[in-house]
file input-v8.tsv (TSV, C-alpha atoms (C1' of nucleotides) and all ligand atoms)
chain	number	residue	atom	x	y	z
Q	1	MET	CA	89.10	58.75	-60.42
Q	2	LEU	CA	86.57	55.96	-60.19
Q	3	SER	CA	87.38	52.71	-58.39
Q	4	LYS	CA	87.88	49.51	-60.29
Q	5	SER	CA	84.69	48.14	-58.77
Q	6	THR	CA	82.72	51.12	-60.01
Q	7	LYS	CA	84.10	50.75	-63.51
Q	8	TYR	CA	83.23	47.07	-63.52
Q	9	ALA	CA	79.73	47.84	-62.30
Q	10	LEU	CA	79.16	50.51	-64.93
Q	11	LYS	CA	80.36	48.22	-67.69
Q	12	ALA	CA	78.10	45.44	-66.48
Q	13	VAL	CA	75.03	47.64	-66.24
Q	14	LEU	CA	75.61	49.09	-69.69
Q	15	PHE	CA	76.09	45.60	-71.03
Q	16	LEU	CA	72.76	44.61	-69.53
Q	17	ALA	CA	71.15	47.72	-70.96
Q	18	VAL	CA	72.14	46.59	-74.43
Q	19	ASN	CA	71.78	42.85	-74.08
Q	20	SER	CA	68.99	42.10	-71.66
Q	21	SER	CA	65.31	42.66	-71.12
Q	22	GLU	CA	62.50	41.50	-68.88
Q	23	ASN	CA	62.14	38.32	-70.93
Q	24	SER	CA	65.74	37.81	-71.92
Q	25	LYS	CA	67.78	37.64	-68.79
Q	26	VAL	CA	71.47	37.02	-68.82
Q	27	MET	CA	73.47	35.15	-66.25
Q	28	VAL	CA	76.68	36.28	-64.68
Q	29	LYS	CA	78.98	34.04	-66.67
Q	30	ASP	CA	77.56	35.55	-69.86
Q	31	ILE	CA	78.15	39.03	-68.52
Q	32	ALA	CA	81.63	38.50	-67.11
Q	33	LYS	CA	83.13	37.07	-70.28
Q	34	PRO	CA	82.28	39.81	-72.79
Q	35	ILE	CA	83.10	42.70	-70.49
Q	36	ASN	CA	86.30	40.97	-69.43
Q	37	VAL	CA	85.87	41.07	-65.68
Q	38	PRO	CA	86.46	38.27	-63.15
Q	39	GLN	CA	83.23	36.34	-62.88
Q	40	ALA	CA	83.11	35.83	-59.12
Q	41	TYR	CA	83.87	39.46	-58.54
Q	42	ILE	CA	81.28	40.89	-60.88
Q	43	ALA	CA	78.81	38.45	-59.34
Q	44	LYS	CA	79.25	40.16	-55.99
Q	45	LEU	CA	78.87	43.58	-57.52
Q	46	LEU	CA	75.74	42.57	-59.40
Q	47	GLN	CA	74.21	41.25	-56.21
Q	48	LYS	CA	74.90	44.54	-54.51
Q	49	LEU	CA	73.36	46.48	-57.38
Q	50	SER	CA	70.39	44.17	-57.30
Q	51	LYS	CA	69.90	44.70	-53.59
Q	52	GLU	CA	70.04	48.44	-54.14
Q	53	ASN	CA	67.44	48.13	-56.90
Q	54	ILE	CA	69.70	49.43	-59.63
Q	55	ILE	CA	69.26	46.26	-61.62
Q	56	SER	CA	66.81	43.36	-61.49
Q	57	SER	CA	67.33	39.64	-61.15
Q	58	SER	CA	65.53	36.38	-60.81
Q	59	ARG	CA	66.79	33.06	-59.57
Q	60	GLY	CA	66.45	29.54	-60.77
Q	61	PRO	CA	66.49	28.15	-64.26
Q	62	LYS	CA	65.83	30.71	-66.96
Q	63	GLY	CA	66.88	33.27	-64.40
Q	64	GLY	CA	69.60	35.89	-64.51
Q	65	PHE	CA	70.11	39.64	-64.42
Q	66	TYR	CA	68.30	42.21	-66.51
Q	67	LEU	CA	67.16	45.80	-66.53
Q	68	SER	CA	63.51	46.64	-66.13
Q	69	GLU	CA	62.17	49.74	-67.84
Q	70	GLY	CA	62.47	51.53	-64.52
Q	71	ASP	CA	66.06	50.40	-64.07
Q	72	ARG	CA	66.95	52.06	-67.35
Q	73	GLN	CA	66.10	55.45	-65.96
Q	74	HIS	CA	68.79	55.28	-63.32
Q	75	SER	CA	71.76	57.58	-63.64
Q	76	VAL	CA	75.44	56.82	-63.75
Q	77	LEU	CA	75.72	58.71	-60.49
Q	78	SER	CA	73.36	56.34	-58.73
Q	79	ILE	CA	75.61	53.44	-59.69
Q	80	ILE	CA	78.73	55.22	-58.52
Q	81	ILE	CA	77.07	55.97	-55.22
Q	82	ALA	CA	75.75	52.44	-54.84
Q	83	ILE	CA	79.24	50.99	-55.23
Q	84	GLU	CA	81.60	53.44	-53.61
Q	85	GLY	CA	79.38	55.77	-51.63
Q	86	GLU	CA	78.75	59.44	-52.09
Q	87	LYS	CA	81.51	60.70	-49.85
Q	88	LYS	CA	84.31	59.73	-52.20
Q	89	LEU	CA	83.03	62.33	-54.63
Q	90	THR	CA	81.91	65.09	-52.28
Q	91	ASN	CA	84.50	65.04	-49.51
Q	92	CYS	CA	86.84	67.97	-49.11
Q	93	LEU	CA	89.85	67.52	-51.35
Q	94	LEU	CA	92.13	68.06	-48.37
Q	95	ASN	CA	89.89	66.27	-45.88
Q	96	LEU	CA	88.44	69.11	-43.91
Q	97	LYS	CA	85.64	67.41	-41.97
Q	98	LYS	CA	83.12	69.28	-44.03
Q	99	CYS	CA	83.46	70.86	-47.42
Q	100	ASN	CA	81.74	74.22	-47.55
Q	101	GLU	CA	82.37	77.77	-48.66
Q	102	PHE	CA	82.39	79.22	-45.17
Q	103	LYS	CA	85.56	77.53	-44.07
Q	104	PRO	CA	87.04	76.36	-47.35
Q	105	CYS	CA	90.31	74.63	-47.90
Q	106	PRO	CA	92.69	76.33	-50.34
Q	107	LEU	CA	91.43	74.23	-53.24
Q	108	HIS	CA	87.75	74.69	-52.61
Q	109	ASN	CA	87.00	77.94	-54.40
Q	110	LYS	CA	88.92	76.91	-57.46
Q	111	ILE	CA	87.48	73.46	-57.76
Q	112	SER	CA	84.09	73.10	-56.15
Q	113	SER	CA	82.06	74.49	-59.02
Q	114	ILE	CA	83.75	72.23	-61.54
Q	115	ARG	CA	83.23	69.32	-59.23
Q	116	SER	CA	79.54	70.14	-58.95
Q	117	GLU	CA	79.30	70.20	-62.72
Q	118	LEU	CA	80.93	66.82	-62.85
Q	119	LEU	CA	78.49	65.41	-60.33
Q	120	GLN	CA	75.55	66.97	-62.10
Q	121	SER	CA	76.76	65.52	-65.34
Q	122	PHE	CA	76.99	62.06	-63.82
Q	123	GLY	CA	73.52	62.57	-62.44
Q	124	GLU	CA	72.07	63.50	-65.82
Q	125	MET	CA	73.51	60.54	-67.67
Q	126	LYS	CA	70.80	57.92	-67.81
Q	127	ILE	CA	71.55	54.31	-68.57
Q	128	ASP	CA	68.90	54.24	-71.24
Q	129	GLU	CA	70.41	57.15	-73.09
Q	130	LEU	CA	73.92	55.71	-72.98
Q	131	SER	CA	72.74	52.36	-74.26
Q	132	GLN	CA	71.20	54.09	-77.28
Q	133	GLU	CA	74.61	55.44	-78.16
Q	134	ILE	CA	76.19	52.04	-77.84
Q	135	LYS	CA	73.54	50.51	-80.06
Q	136	ALA	CA	74.10	53.28	-82.59
Q	137	ALA	CA	77.82	52.51	-82.43
Q	138	GLN	CA	78.53	56.05	-81.39
Q	139	ALA	CA	80.12	54.77	-78.21
Q	140	PHE	CA	81.93	51.59	-77.29
Q	141	LEU	CA	82.28	49.32	-74.32
Q	142	PRO	CA	85.81	48.22	-73.41
Q	143	LEU	CA	86.98	44.65	-74.09
U	1	MET	CA	88.82	61.52	-55.78
U	2	LEU	CA	92.36	62.08	-54.62
U	3	SER	CA	94.26	59.41	-52.72
U	4	LYS	CA	95.05	59.78	-49.06
U	5	SER	CA	98.73	60.11	-49.92
U	6	THR	CA	98.02	62.94	-52.32
U	7	LYS	CA	95.96	64.79	-49.75
U	8	TYR	CA	98.71	64.39	-47.18
U	9	ALA	CA	101.29	65.63	-49.66
U	10	LEU	CA	99.25	68.68	-50.60
U	11	LYS	CA	98.69	69.58	-46.98
U	12	ALA	CA	102.38	69.22	-46.24
U	13	VAL	CA	103.47	71.34	-49.18
U	14	LEU	CA	100.98	74.07	-48.34
U	15	PHE	CA	102.14	73.97	-44.75
U	16	LEU	CA	105.71	74.45	-45.94
U	17	ALA	CA	104.60	77.27	-48.21
U	18	VAL	CA	103.27	79.13	-45.21
U	19	ASN	CA	105.82	78.14	-42.59
U	20	SER	CA	109.17	77.65	-44.23
U	21	SER	CA	111.75	79.48	-46.25
U	22	GLU	CA	115.29	79.08	-47.51
U	23	ASN	CA	116.63	80.07	-44.11
U	24	SER	CA	113.93	78.66	-41.92
U	25	LYS	CA	113.64	74.99	-42.66
U	26	VAL	CA	111.25	72.76	-40.83
U	27	MET	CA	111.77	69.13	-39.95
U	28	VAL	CA	109.32	66.35	-40.51
U	29	LYS	CA	108.19	66.04	-36.90
U	30	ASP	CA	107.24	69.72	-36.97
U	31	ILE	CA	105.28	69.20	-40.16
U	32	ALA	CA	103.52	65.98	-39.22
U	33	LYS	CA	102.12	67.23	-35.94
U	34	PRO	CA	100.28	70.38	-37.11
U	35	ILE	CA	98.83	68.83	-40.26
U	36	ASN	CA	97.84	65.74	-38.29
U	37	VAL	CA	99.43	63.07	-40.45
U	38	PRO	CA	101.50	60.05	-39.33
U	39	GLN	CA	105.09	61.21	-39.13
U	40	ALA	CA	106.82	58.20	-40.69
U	41	TYR	CA	104.39	58.24	-43.56
U	42	ILE	CA	104.64	61.90	-44.40
U	43	ALA	CA	108.40	61.50	-44.17
U	44	LYS	CA	108.30	59.07	-47.06
U	45	LEU	CA	106.07	61.31	-49.08
U	46	LEU	CA	108.29	64.34	-48.45
U	47	GLN	CA	111.32	62.38	-49.60
U	48	LYS	CA	109.52	61.48	-52.79
U	49	LEU	CA	108.53	65.08	-53.40
U	50	SER	CA	112.06	66.15	-52.71
U	51	LYS	CA	113.45	63.65	-55.19
U	52	GLU	CA	111.00	64.93	-57.78
U	53	ASN	CA	112.11	68.50	-57.05
U	54	ILE	CA	108.73	69.65	-55.87
U	55	ILE	CA	110.15	70.67	-52.53
U	56	SER	CA	113.67	71.29	-51.20
U	57	SER	CA	115.54	69.79	-48.30
U	58	SER	CA	118.86	69.75	-46.58
U	59	ARG	CA	120.31	67.21	-44.18
U	60	GLY	CA	122.13	67.44	-40.93
U	61	PRO	CA	121.68	69.82	-38.02
U	62	LYS	CA	119.69	72.93	-38.86
U	63	GLY	CA	118.36	70.99	-41.83
U	64	GLY	CA	114.82	70.18	-42.83
U	65	PHE	CA	112.34	70.75	-45.60
U	66	TYR	CA	111.44	74.05	-47.20
U	67	LEU	CA	110.21	75.63	-50.40
U	68	SER	CA	112.57	77.61	-52.57
U	69	GLU	CA	111.17	80.47	-54.60
U	70	GLY	CA	111.11	78.16	-57.59
U	71	ASP	CA	109.27	75.47	-55.65
U	72	ARG	CA	106.50	77.94	-54.94
U	73	GLN	CA	105.67	78.19	-58.61
U	74	HIS	CA	104.73	74.54	-58.86
U	75	SER	CA	101.11	73.66	-59.44
U	76	VAL	CA	98.79	71.45	-57.46
U	77	LEU	CA	98.67	69.21	-60.51
U	78	SER	CA	102.40	68.58	-60.38
U	79	ILE	CA	102.05	67.34	-56.83
U	80	ILE	CA	99.14	65.09	-57.69
U	81	ILE	CA	101.12	63.63	-60.56
U	82	ALA	CA	104.25	63.22	-58.45
U	83	ILE	CA	102.37	61.15	-55.90
U	84	GLU	CA	99.80	59.15	-57.80
U	85	GLY	CA	100.80	59.47	-61.41
U	86	GLU	CA	99.00	61.10	-64.27
U	87	LYS	CA	97.05	58.08	-65.42
U	88	LYS	CA	94.71	58.08	-62.45
U	89	LEU	CA	93.29	61.35	-63.70
U	90	THR	CA	93.37	60.84	-67.45
U	91	ASN	CA	92.49	57.18	-67.90
U	92	CYS	CA	89.25	56.26	-69.58
U	93	LEU	CA	86.48	56.18	-66.99
U	94	LEU	CA	85.54	52.69	-68.13
U	95	ASN	CA	89.12	51.56	-68.79
U	96	LEU	CA	89.27	51.56	-72.54
U	97	LYS	CA	93.02	51.24	-73.19
U	98	LYS	CA	93.06	54.75	-74.52
U	99	CYS	CA	90.70	57.58	-73.90
U	100	ASN	CA	90.00	59.52	-77.09
U	101	GLU	CA	87.12	60.92	-79.06
U	102	PHE	CA	87.51	58.55	-81.99
U	103	LYS	CA	86.54	55.44	-80.09
U	104	PRO	CA	84.94	56.87	-76.98
U	105	CYS	CA	83.31	54.99	-74.17
U	106	PRO	CA	79.72	55.96	-73.40
U	107	LEU	CA	80.80	58.42	-70.73
U	108	HIS	CA	83.49	60.15	-72.72
U	109	ASN	CA	81.54	62.78	-74.62
U	110	LYS	CA	79.61	63.83	-71.57
U	111	ILE	CA	82.54	64.04	-69.22
U	112	SER	CA	85.82	64.64	-70.97
U	113	SER	CA	85.48	68.39	-71.32
U	114	ILE	CA	84.64	68.81	-67.65
U	115	ARG	CA	87.50	66.58	-66.74
U	116	SER	CA	89.87	68.68	-68.84
U	117	GLU	CA	88.65	71.78	-67.06
U	118	LEU	CA	89.34	70.11	-63.75
U	119	LEU	CA	92.85	69.16	-64.81
U	120	GLN	CA	93.50	72.62	-66.18
U	121	SER	CA	92.27	74.11	-62.97
U	122	PHE	CA	94.64	71.93	-60.97
U	123	GLY	CA	97.40	72.96	-63.30
U	124	GLU	CA	96.72	76.65	-62.84
U	125	MET	CA	96.69	76.54	-59.05
U	126	LYS	CA	100.15	77.55	-57.91
U	127	ILE	CA	101.40	76.81	-54.43
U	128	ASP	CA	102.42	80.40	-53.95
U	129	GLU	CA	98.98	81.70	-54.76
U	130	LEU	CA	97.27	79.25	-52.43
U	131	SER	CA	99.59	80.08	-49.58
U	132	GLN	CA	98.66	83.77	-49.96
U	133	GLU	CA	95.05	82.83	-49.34
U	134	ILE	CA	95.94	80.84	-46.28
U	135	LYS	CA	97.98	83.72	-44.89
U	136	ALA	CA	95.08	86.06	-45.55
U	137	ALA	CA	92.83	83.61	-43.72
U	138	GLN	CA	90.66	83.29	-46.75
U	139	ALA	CA	91.36	79.58	-46.80
U	140	PHE	CA	92.17	77.03	-44.13
U	141	LEU	CA	94.29	73.95	-43.75
U	142	PRO	CA	92.64	70.96	-42.09
U	143	LEU	CA	93.62	69.91	-38.57
C	1	DG	C1'	137.92	64.94	-36.42
C	2	DA	C1'	134.06	63.44	-33.19
C	3	DC	C1'	129.40	64.02	-32.39
C	4	DA	C1'	124.77	64.56	-32.98
C	5	DA	C1'	120.92	66.12	-35.85
C	6	DA	C1'	118.69	65.79	-39.56
C	7	DA	C1'	117.15	63.63	-44.26
C	8	DC	C1'	117.39	59.34	-46.83
C	9	DA	C1'	116.73	54.37	-47.66
C	10	DT	C1'	114.81	49.98	-46.91
C	11	DG	C1'	112.01	46.66	-45.18
C	12	DA	C1'	108.14	44.89	-41.99
C	13	DT	C1'	103.35	45.15	-40.53
C	14	DA	C1'	98.43	46.50	-40.84
C	15	DA	C1'	94.28	47.95	-43.29
C	16	DT	C1'	91.68	48.00	-47.27
C	17	DA	C1'	90.31	46.66	-51.92
C	18	DA	C1'	90.12	43.09	-55.26
C	19	DT	C1'	89.81	38.26	-56.31
C	20	DC	C1'	88.69	33.50	-55.55
C	21	DA	C1'	86.08	29.53	-53.59
C	22	DT	C1'	82.19	27.23	-51.63
C	23	DA	C1'	77.84	26.54	-49.48
C	24	DT	C1'	72.78	27.95	-49.39
C	25	DT	C1'	68.36	29.46	-51.25
C	26	DT	C1'	65.02	30.01	-54.88
C	27	DC	C1'	62.54	28.49	-58.68
C	28	DG	C1'	61.21	26.45	-63.35
C	29	DG	C1'	60.47	22.15	-65.54
C	30	DA	C1'	60.18	17.03	-66.09
A	1	DT	C1'	57.80	16.38	-55.94
A	2	DC	C1'	62.32	16.02	-57.27
A	3	DC	C1'	66.24	17.82	-59.85
A	4	DG	C1'	69.20	21.04	-61.59
A	5	DA	C1'	69.97	25.87	-62.79
A	6	DA	C1'	70.49	30.01	-61.36
A	7	DA	C1'	71.15	33.99	-57.84
A	8	DT	C1'	72.50	34.84	-53.02
A	9	DA	C1'	75.41	34.62	-48.90
A	10	DT	C1'	79.60	34.05	-46.59
A	11	DG	C1'	84.23	33.43	-45.96
A	12	DA	C1'	89.23	32.81	-47.54
A	13	DT	C1'	93.05	34.47	-50.24
A	14	DT	C1'	95.77	37.88	-52.70
A	15	DA	C1'	97.26	42.58	-54.11
A	16	DT	C1'	97.57	47.22	-53.17
A	17	DT	C1'	97.82	51.07	-50.13
A	18	DA	C1'	98.82	53.00	-45.85
A	19	DT	C1'	101.45	52.73	-41.66
A	20	DC	C1'	105.29	51.61	-38.68
A	21	DA	C1'	110.20	50.66	-37.47
A	22	DT	C1'	115.03	50.75	-37.95
A	23	DG	C1'	119.31	51.40	-40.08
A	24	DT	C1'	122.50	54.60	-43.22
A	25	DT	C1'	124.29	58.89	-45.00
A	26	DT	C1'	125.08	63.76	-44.93
A	27	DT	C1'	126.35	67.96	-42.61
A	28	DG	C1'	126.73	71.72	-39.28
A	29	DT	C1'	129.00	72.55	-34.76
A	30	DC	C1'	132.35	72.06	-31.14
Q	201	LIG	S1	86.56	72.63	-48.31
Q	201	LIG	FE1	88.07	71.48	-49.33
Q	201	LIG	S2	87.10	71.00	-51.18
Q	201	LIG	FE2	85.57	72.13	-50.15
Q	202	LIG	S1	87.11	56.96	-73.72
Q	202	LIG	FE1	86.28	56.64	-71.76
Q	202	LIG	S2	86.61	58.53	-70.78
Q	202	LIG	FE2	87.47	58.85	-72.76

call {"tool": "encode", "arguments": {"input": "input-v8.tsv", "output": "structure tokens"}}
result
Amino acid sequence: MLSKSTKYALKAVLFLAVNSSENSKVMVKDIAKPINVPQAYIAKLLQKLSKENIISSSRGPKGGFYLSEGDRQHSVLSIIIAIEGEKKLTNCLLNLKKCNEFKPCPLHNKISSIRSELLQSFGEMKIDELSQEIKAAQAFLPL
Amino acid sequence: MLSKSTKYALKAVLFLAVNSSENSKVMVKDIAKPINVPQAYIAKLLQKLSKENIISSSRGPKGGFYLSEGDRQHSVLSIIIAIEGEKKLTNCLLNLKKCNEFKPCPLHNKISSIRSELLQSFGEMKIDELSQEIKAAQAFLPL
DNA sequence: GACAAAACATGATAATAATCATATTTCGGA
DNA sequence: TCCGAAATATGATTATTATCATGTTTTGTC
């Protein structure tokens, strides 16, 4: 449903939400280990997220990745889109060039409203909110 | 959201639902062309579906693929599962080894009910029903 | 029974996604 | 101002998915 890359990215961002701040940055090797993701690979993903302003970073000694207050207001959806693009989620399920109700594929009417809900739900989930739940041990990060 | 293979398979089965019957089988080249899918590839997928008893086939001259009355009662979900397996749809979104409400990942509570609805919806969509809509020109197959 | 038409089976190639490796830039601190 | 620590950039390798190609079996027809 979500690509491996997207899952990795979400885990990393949530990890940063819990374990980093403006003055306590964390470097990739200290992210990769606890979330159990190949270091060189998550490094690439983090750079991409950084370039898309989903997360923040600074170079050099005492540098690393972190979430600014602004970063914490981003949604899960924005991360999904940053990594795998919007189309994966909104394309027609049978690959009609455009998904709309005027020339729908046979699955459209049955599924499109649920899919919208799903998207909306992803859009409403803010990183900040999710990290609260992790801190409160109401939710858990894998590995 | 669905793999290319799954989309191809769904298109092919719906095409058969509209254009085949017990005594009017259609061979892969006459399926591949109208649904615009590589012939050798859809051939493999059709064989898989046939082996899983989602569709029917017979060999030799005057042979081909078709849907029996029973085949028409299959759901979209059964096709998705036949092609890409169930796990793709039910796995934890962040890859916890098991997805459940007792040790949920941060996305679980927000998403799992919508995801169940989506699965249920796929399960309730029967091939027969969808083919009615295509015949009534209320829905359209791509390419 | 011979023949040809079809599905079936198997393996080879190509495209994409995931992983690994290495060089370059930036920046804090001695 | 020099050094090393970090992100950044780029490219190479591997694994998975999609695509292509070719041979084998079944079966209706003559
Ligand atoms: S037209 Fe196919 S999902 Fe909307
Ligand atoms: S535990 Fe992650 S989706 Fe259910």

call {"tool": "atom_distance", "arguments": {"input": "input-v8.tsv", "atom1": "atom CA of Asn109 of chain Q", "atom2": "atom CA of Ala136 of chain U"}}
result
14.5 Å

call {"tool": "closest_atom_pairs", "arguments": {"input": "input-v8.tsv", "of": "chain U", "to": "ligand LIG 202 (chain Q)", "cutoff": "9 Å", "atoms": "all atoms listed in the file", "output": "CSV"}}
result
residue,atom,partner,partner_atom,distance
U:Thr90,CA,Q:LIG202,S2,7.9
U:Asn91,CA,Q:LIG202,S2,6.7
U:Cys92,CA,Q:LIG202,S2,3.7
U:Leu93,CA,Q:LIG202,S2,4.5
U:Leu94,CA,Q:LIG202,FE1,5.4
U:Asn95,CA,Q:LIG202,FE1,6.5
U:Leu96,CA,Q:LIG202,S1,5.9
U:Lys97,CA,Q:LIG202,S1,8.2
U:Lys98,CA,Q:LIG202,S1,6.4
U:Cys99,CA,Q:LIG202,S1,3.6
U:Asn100,CA,Q:LIG202,FE2,5.1
U:Glu101,CA,Q:LIG202,FE2,6.6
U:Phe102,CA,Q:LIG202,S1,8.4
U:Lys103,CA,Q:LIG202,S1,6.6
U:Pro104,CA,Q:LIG202,S1,3.9
U:Cys105,CA,Q:LIG202,FE1,4.2
U:Pro106,CA,Q:LIG202,FE1,6.8
U:Leu107,CA,Q:LIG202,S2,5.8
U:His108,CA,Q:LIG202,S2,4.0
U:Asn109,CA,Q:LIG202,FE2,7.4
U:Lys110,CA,Q:LIG202,S2,8.8
U:Ile111,CA,Q:LIG202,S2,7.0
U:Ser112,CA,Q:LIG202,S2,6.2

call {"tool": "interface_residues", "arguments": {"input": "input-v8.tsv", "of": "chain A", "to": "chain Q", "cutoff": "10 Å", "atoms": "only C-alpha atoms (C1' of nucleotides)", "output": "mmCIF file with C-alpha atoms (C1' of nucleotides), in the frame of the given file"}}
result
data_model
loop_
_atom_site.group_PDB
_atom_site.id
_atom_site.type_symbol
_atom_site.label_atom_id
_atom_site.label_comp_id
_atom_site.auth_asym_id
_atom_site.auth_seq_id
_atom_site.Cartn_x
_atom_site.Cartn_y
_atom_site.Cartn_z
ATOM 1 C "C1'" DG A 4 69.200 21.040 -61.590
ATOM 2 C "C1'" DA A 5 69.970 25.870 -62.790
ATOM 3 C "C1'" DA A 6 70.490 30.010 -61.360
ATOM 4 C "C1'" DA A 7 71.150 33.990 -57.840
ATOM 5 C "C1'" DT A 8 72.500 34.840 -53.020
ATOM 6 C "C1'" DA A 9 75.410 34.620 -48.900
#

call {"tool": "atom_distance", "arguments": {"input": "input-v8.tsv", "atom1": "atom CA of Val26 of chain U", "atom2": "atom C1' of DG23 of chain A"}}
result
22.8 Å

call {"tool": "atom_distance", "arguments": {"input": "input-v8.tsv", "atom1": "atom CA of Gly70 of chain Q", "atom2": "atom CA of Ile55 of chain Q"}}
result
9.1 Å

call {"tool": "closest_atom_pairs", "arguments": {"input": "input-v8.tsv", "of": "chain C", "to": "chain U", "cutoff": "10 Å", "atoms": "only C-alpha atoms (C1' of nucleotides)", "output": "CSV"}}
result
residue,atom,partner,partner_atom,distance
C:DA4,C1',U:Pro61,CA,7.9
C:DA5,C1',U:Pro61,CA,4.4
C:DA6,C1',U:Gly60,CA,4.1
C:DA7,C1',U:Arg59,CA,4.8
C:DC8,C1',U:Gln47,CA,7.3
C:DA9,C1',U:Lys44,CA,9.7

call {"tool": "write_last_selection", "arguments": {"input": "input-v8.tsv", "atoms": "C-alpha atoms (C1' of nucleotides)", "output": "PDB file, in the frame of the given file"}}
result
ATOM      1  C1'  DA C   4     124.770  64.560 -32.980  1.00  0.00           C
ATOM      2  C1'  DA C   5     120.920  66.120 -35.850  1.00  0.00           C
ATOM      3  C1'  DA C   6     118.690  65.790 -39.560  1.00  0.00           C
ATOM      4  C1'  DA C   7     117.150  63.630 -44.260  1.00  0.00           C
ATOM      5  C1'  DC C   8     117.390  59.340 -46.830  1.00  0.00           C
ATOM      6  C1'  DA C   9     116.730  54.370 -47.660  1.00  0.00           C
TER       7       DA C   9
END

call {"tool": "residues_near_point", "arguments": {"input": "input-v8.tsv", "point": "(96.8, 43.7, -50.6)", "cutoff": "12 Å", "atoms": "only C-alpha atoms (C1' of nucleotides)", "output": "JSON, numbers by chain"}}
result
{"C": [14, 15, 16, 17, 18, 19], "A": [13, 14, 15, 16, 17, 18]}

call {"tool": "build_atoms", "arguments": {"input": "input-v8.tsv", "residues": "segment 41-53 of chain Q", "atoms": "N, CA, C and O atoms", "output": "mmCIF file, keeping the file's coordinate frame"}}
result
data_model
loop_
_atom_site.group_PDB
_atom_site.id
_atom_site.type_symbol
_atom_site.label_atom_id
_atom_site.label_comp_id
_atom_site.auth_asym_id
_atom_site.auth_seq_id
_atom_site.Cartn_x
_atom_site.Cartn_y
_atom_site.Cartn_z
ATOM 1 N N TYR Q 41 83.871 38.093 -59.064
ATOM 2 C CA TYR Q 41 83.870 39.460 -58.540
ATOM 3 C C TYR Q 41 82.675 40.246 -59.047
ATOM 4 O O TYR Q 41 81.965 40.905 -58.276
ATOM 5 N N ILE Q 42 82.425 40.162 -60.340
ATOM 6 C CA ILE Q 42 81.280 40.890 -60.880
ATOM 7 C C ILE Q 42 79.979 40.338 -60.310
ATOM 8 O O ILE Q 42 79.013 41.073 -60.108
ATOM 9 N N ALA Q 43 80.001 39.055 -59.961
ATOM 10 C CA ALA Q 43 78.810 38.450 -59.340
ATOM 11 C C ALA Q 43 78.457 39.191 -58.056
ATOM 12 O O ALA Q 43 77.309 39.569 -57.834
ATOM 13 N N LYS Q 44 79.492 39.428 -57.235
ATOM 14 C CA LYS Q 44 79.250 40.160 -55.990
ATOM 15 C C LYS Q 44 78.704 41.555 -56.258
ATOM 16 O O LYS Q 44 77.771 42.022 -55.607
ATOM 17 N N LEU Q 45 79.301 42.216 -57.224
ATOM 18 C CA LEU Q 45 78.870 43.580 -57.520
ATOM 19 C C LEU Q 45 77.432 43.599 -58.020
ATOM 20 O O LEU Q 45 76.635 44.451 -57.628
ATOM 21 N N LEU Q 46 77.103 42.632 -58.868
ATOM 22 C CA LEU Q 46 75.740 42.570 -59.400
ATOM 23 C C LEU Q 46 74.734 42.336 -58.285
ATOM 24 O O LEU Q 46 73.648 42.925 -58.278
ATOM 25 N N GLN Q 47 75.112 41.501 -57.326
ATOM 26 C CA GLN Q 47 74.210 41.250 -56.210
ATOM 27 C C GLN Q 47 73.967 42.530 -55.416
ATOM 28 O O GLN Q 47 72.850 42.815 -54.998
ATOM 29 N N LYS Q 48 75.036 43.270 -55.238
ATOM 30 C CA LYS Q 48 74.900 44.540 -54.510
ATOM 31 C C LYS Q 48 73.977 45.490 -55.267
ATOM 32 O O LYS Q 48 73.070 46.094 -54.685
ATOM 33 N N LEU Q 49 74.203 45.599 -56.565
ATOM 34 C CA LEU Q 49 73.360 46.480 -57.380
ATOM 35 C C LEU Q 49 71.919 46.023 -57.337
ATOM 36 O O LEU Q 49 70.988 46.836 -57.303
ATOM 37 N N SER Q 50 71.731 44.725 -57.340
ATOM 38 C CA SER Q 50 70.390 44.170 -57.300
ATOM 39 C C SER Q 50 69.705 44.528 -55.973
ATOM 40 O O SER Q 50 68.564 44.971 -55.936
ATOM 41 N N LYS Q 51 70.461 44.380 -54.906
ATOM 42 C CA LYS Q 51 69.900 44.700 -53.590
ATOM 43 C C LYS Q 51 69.545 46.176 -53.484
ATOM 44 O O LYS Q 51 68.597 46.557 -52.806
ATOM 45 N N GLU Q 52 70.308 46.995 -54.172
ATOM 46 C CA GLU Q 52 70.040 48.440 -54.140
ATOM 47 C C GLU Q 52 69.049 48.859 -55.231
ATOM 48 O O GLU Q 52 68.856 50.052 -55.489
ATOM 49 N N ASN Q 53 68.465 47.864 -55.888
ATOM 50 C CA ASN Q 53 67.440 48.130 -56.900
ATOM 51 C C ASN Q 53 67.918 48.954 -58.086
ATOM 52 O O ASN Q 53 67.152 49.707 -58.677
#
